[in-house]
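**Q** Starting off with a structure, shown below.
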Amino acid sequence: MKMTAAEALVKCLKEQGVDVVFGYPGGNILPVYDAMCESSDIRHVLVRHEQGAVHAADGYARVTGRVGVCMATSGPGATNLVTGIANAYMDSIPMVVITGQVPTTMVGTDAFQEVDITGITIPITKHNYLVKDPRKVPLIVKQAFHIASTGRPGPVLIDLPKNVLQAEISFEETGDLKLLGYKPTYRGHKSQVNMASELIMQARRPLIYCGGGIHASNASDTLIRFAETLSAPVTCTLMGLGAIPGGHDLSLGMLGLHGAKYANLAVTECDVLIALGVRFDDRVAVDFSSFAPNAKVIHVDIDPAEIGKNVRVDIPIVGDVKMVMEAMLEKLEEKSCDEWLAQVAEWKKTYPLHYKAGAGLKPQAVIEAVRELTDGDAVIVTDVGQHQMWAAQYYKTKKPRTFISSGGLGTMGYGLPAAVGAKVGAPDREVVLITGDGSFQMCMQEFGTAVEQGLPVKVIILNNHSLGMVRQLQEFYCNRRYMAVNFQKNPDFVKFAGVYDALGLRISDAGQLHSVLEQALGHDGPVIVDCIIEKDENVYPMVLAGQPLSQPIEG
Amino acid sequence: MRHILAVLVENNPGVLTRVAGLFSRRGYNIDSLTVGRTENSRISRMTIVVSGDDQVLEQVTKQLHKLVDVIKINDITSDQYVDRELVLIKVGADPSVRAEIMQIVDIFRARIVDIGRKTLMIECTGDEGKINAVIESLMPFGIKELVRTGKVAMLRGHKFTSINDNREDD
Ligand SMILES: Cc1ncc(C[n+]2csc(CCOP(=O)(O)OP(=O)(O)O)c2C)c(N)n1
């Protein structure tokens with residue numbers, strides 16, 4: 001069949017099951033938009049800035065588990081995607097990014113809107129392509145989706161010069177993937193699985209530490225069965241939240257720098273640490289050498305390079321966490337760890353997450369109210385800062401793929417576009433964005449996208465008129481010498497909602513909290529709720545630099 | 001400790017950038033890197049000499065494996081292997097010292113490949129030790145120009161680093 005490479009691209013996207021693309025047009029990607037014009041099967045969400053497109057594709061991918069797709073034109077369009085690609089790479093989110101490029105005859109000449117986007121994104125993509133032969137488009141699209149979604153997922157970029165897109169090709173079946181160097185390992189090594197199972201059976205104080213890998217392999221049900229079989233408590237990284245319901249008896253919530261003290265105590269005291277789909281990040285381990293000092297460590301991950309990277313591991317297992325847990329479950333017998341669970345329960349009672357109720361509106365109370373009103377069932381999207389940590393601590397997410405947050409890169413501005421993508425991916429679910437006044441202003445133009453697309457996302461701004469997390473750092477590490485953390489001028493966020501003909505609400509005292517939130521959640525359309533909170537509220541617990549994980553400041 | 005890695009890669013544009021970039025980005029030290037086609041035109045072979053302890057080497061290998069274009073990696077350091085390097089040296093050579101230089105060339109089984117009015121160009125192949133020795137021997141005559149290729153290496157005997165033979169897979 002004869003068609004242009006751009007038409008072939010669109011056809012291939014459909015074959016991959018793509019039903020939505022987040023994007024922004026321009027000169028060099030024109031042929032792709034032209035080809036999409038003919039096709040009503042793919043919804044195009046026009047964002048307001050390319051960063052919005054890539055974060056939206058990311059949010060969509062996290063909620064649905066499918067590959068998110070975004071596109072932009074060459075040059076500035078492509079560079080505007082960079083932060084979002086890095087964000088997806090750090091959190092292992094499956095994504096295919098399509099960029100236009102100047103014609104091959106102009107590549108390398110500093111042509112108008114030329115930028116070497118494949119060169120720029122080598123360190124932040126799982127793989128990328130600059131397509132020079134139009135006949136290769138079908139094969140490359142197939143490879144890109146395969147690479148993005150298998151093994152350890154990640155973003156793949158395809159850069160398409162304009163003349164390549166315009167060239168006519170005869171579309172043929174691509175057949176074989178032809179990837180000689182790409183073969184992820186899914187099944188854990190048998191003897192390693194046996195060794196791990198034996199060690200676990202001997203454990204008296206086992207602890208499961210799990211992360212984003214659980215979501216990537218859709219292993220939440222298996223995880224719960226695994227934990228219940230072993231009577232092992234479970235602590236999650238920020239990326240792992242929702243792997244086990246936050247209210248489950250065995251759940252210890254989040255560990256790490258701002259983790260619950262009882263979770264960090266459990267890490268310190270456990271005798272076998274079962275690490276599942278995690279990478280011992282520095283926000284979690286804080287100090288690598290003193291992490292889980294009394295434990296033998298079993299580490300299961302699909303990426304061999306994560307094993308032994310930051311901390312020593314006693315039993316490494318390369319494989320898909322779900323398959324490895326299933327293999328272990330065949331060996332494991334039900335066991336009880338009554339003493340250990342009693343100890344953990346005691347810690348939970350002695351060191352609960354807590355905050356001082358005061359006259360003003362408490363951010364933690366806002367999160368608790370949202371949790372109550374949505375019954376822990378909403379898709380929570382966050383930005384980056386104090387509000388993110390409060391959401392992680394107090395929302396107690398019930399289900400997998402419902403806590404959407406920028407973990408590895410910590411990208412302010414992620415939240416609103418990610419919420420747009422999440423709502424596109426899960427139109428029947430309540431999508432609530434918890435953001436700060438700083439983060440919100442980084443991508444607030446995307447509120448226009450939400451309104452235009454009829455996406456009723458609920459935006460809750462925990463407004464402290466400052467960059468709270470940085471202010472907190474300056475309080476502890478710079479002797480309260482506050483610098484560049486206070487906004488003298490914020491927009492009126494209620495009016496801001498109004499200029500888009502959306503609903504804006506404000507909560508300035510605790511008494512209004514429930515009624516206003518109820519109104520916001522009940523409203524059939526995008527809403528901004530501006531919550532005026534106390535400026536000097538801090539996130540606790542907090543492990544200070546150089547201190548052991550088990551001895552945080554508790555506030 | 002220095003390790004010699006034999007790395008088979010798909011012969012795609014940019015593969016050298018990907019590999020070299022990985023080393024600099026993650027702070028690994030490359031002593032030398034050579035690359036050229038193999039018997040299969042789709043596949044190139046790199047010989048990378050890298051220094052680091054076992055943990056660094058493990059990370060280097062694992063990170064290299066993550067590159068989609070990398071097909072196979074063999075750390076051949078602890079096996080029996082042959083390694084060779086080629087050097088071209090342009091050395092100052094007045095008629096008075098030519099005989100002496102030619103003697104040195106003979107001893108190292110090197111070759112004279114060009115003669116100028118005041119210079120000789122010498123080609124020498126061998127392992128690193130030999131190349132270093134020949135350079136040192138010619139130093140007193142004044143080395144005007146020198147270029148060396150970096151190492152290429154291959155396992156001895158029945159062992160292979162090729163995609164058709166998976167027995168040696170790591
Ligand atoms: C793009 C980006 N720039 C800078 C930072 C550094 N940073 C981390 S948290 C933070 C403050 C966030 O402020 P806000 O969104 O208002 O949230 P709050 O901490 O007040 O809840 C800053 C500046 C970042 N994470 N991302």
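All residue names refer to the structure tokens as shown: chains lettered A, B, ... in order, residues numbered from 1 in each chain, ligands numbered from 1 in order.
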Please identify every polymer residue within 9 Å of ligand 1, using only C-alpha atoms and all ligand atoms, and present the set as a PyMOL selection string.
**A** chain A and resi 83+363+383-390+409-414+435-442+461-472+485+535
**Q** When you get a sec, could you note down which chain B residues fall within 9 Å of chain A, using only C-alpha atoms, as a PyMOL selection string?
**A** chain B and resi 9-10+13-14+17-18+21-22+25+55+58-63+65-72+163
**Q** Write down as a ChimeraX atom specification the residues of stretch 193-229 of chain A whose backbone DSSP state falls under alpha helix (DSSP H).
**A** /A:193-202,212-216,220-229
**Q** So the first atom is atom CA of B:Ser78 and the second is atom CA of B:Thr38; what is the distance between them in Å, to one decimal place?
**A**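 So the answer is 23.1 Å.
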**Q** Quick one: pull the distance between atom CA of A:Ala275 and atom CA of A:Ala418, Å, one decimal.
**A**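 Between atom CA of A:Ala275 and atom CA of A:Ala418 the gap is 27.8 Å.
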**Q** Pick out the residues sitting within 7 Å of stretch 46-62 of chain A, and hand them over as a PyMOL selection string; count only C-alpha atoms, and ignore anything fewer than 6 positions along from it in its own chain.
**A** chain A and resi 22-24+68-70+72+77+80-81+84-85+88+93-95+401+404+414+417-422+424-425+445-446+449
**Q** Please extract the residues of stretch 15-152 of chain B with a backbone DSSP assignment of strand (DSSP E) and present them as a VMD selection string.
**A** chain B and resid 29 to 37 43 to 51 70 to 75 81 to 92 111 to 115 119 to 126 143 to 148 152
**Q** A:Lys136: which residues within 10 Å, counting only C-alpha atoms, same-chain residues fewer than 3 positions away excluded, as a compact mmCIF listing (two decimals) with N, CA, C and O atoms, in the first residue's frame?
**A**
```txt
# COMPACT_ATOMS: atom_id res chain seq x y z
N ALA A 5 5.20 8.58 4.72
CA ALA A 5 5.71 8.05 5.98
C ALA A 5 4.90 8.61 7.15
O ALA A 5 4.70 7.94 8.16
N VAL A 131 15.27 9.26 12.31
CA VAL A 131 14.89 8.43 11.16
C VAL A 131 15.33 9.09 9.86
O VAL A 131 14.94 10.22 9.57
N LYS A 132 16.16 8.40 9.12
CA LYS A 132 16.62 8.97 7.84
C LYS A 132 15.99 8.26 6.65
O LYS A 132 15.93 8.81 5.57
N ASP A 133 15.58 7.03 6.87
CA ASP A 133 15.00 6.25 5.78
C ASP A 133 13.50 6.10 6.03
O ASP A 133 13.08 5.43 6.98
N LEU A 139 8.85 -0.11 11.15
CA LEU A 139 9.67 -0.95 12.03
C LEU A 139 10.08 -0.17 13.28
O LEU A 139 10.00 -0.68 14.41
N ILE A 140 10.48 1.07 13.10
CA ILE A 140 10.96 1.87 14.24
C ILE A 140 9.82 2.13 15.23
O ILE A 140 10.02 2.06 16.45
N VAL A 141 8.62 2.40 14.71
CA VAL A 141 7.50 2.63 15.64
C VAL A 141 7.24 1.36 16.45
O VAL A 141 7.04 1.40 17.67
N VAL A 164 11.45 13.23 5.37
CA VAL A 164 11.21 11.81 5.63
C VAL A 164 9.71 11.58 5.79
O VAL A 164 9.13 10.65 5.24
N ILE A 169 6.06 5.86 0.74
CA ILE A 169 6.63 4.52 0.93
C ILE A 169 5.55 3.49 0.62
O ILE A 169 4.36 3.82 0.58
N PHE A 171 3.78 0.54 2.28
CA PHE A 171 3.65 0.03 3.65
C PHE A 171 3.58 -1.48 3.63
O PHE A 171 2.71 -2.07 3.02
N THR A 174 5.96 -5.35 9.08
CA THR A 174 7.34 -5.23 9.52
C THR A 174 7.92 -6.56 9.99
O THR A 174 9.13 -6.75 9.98
```
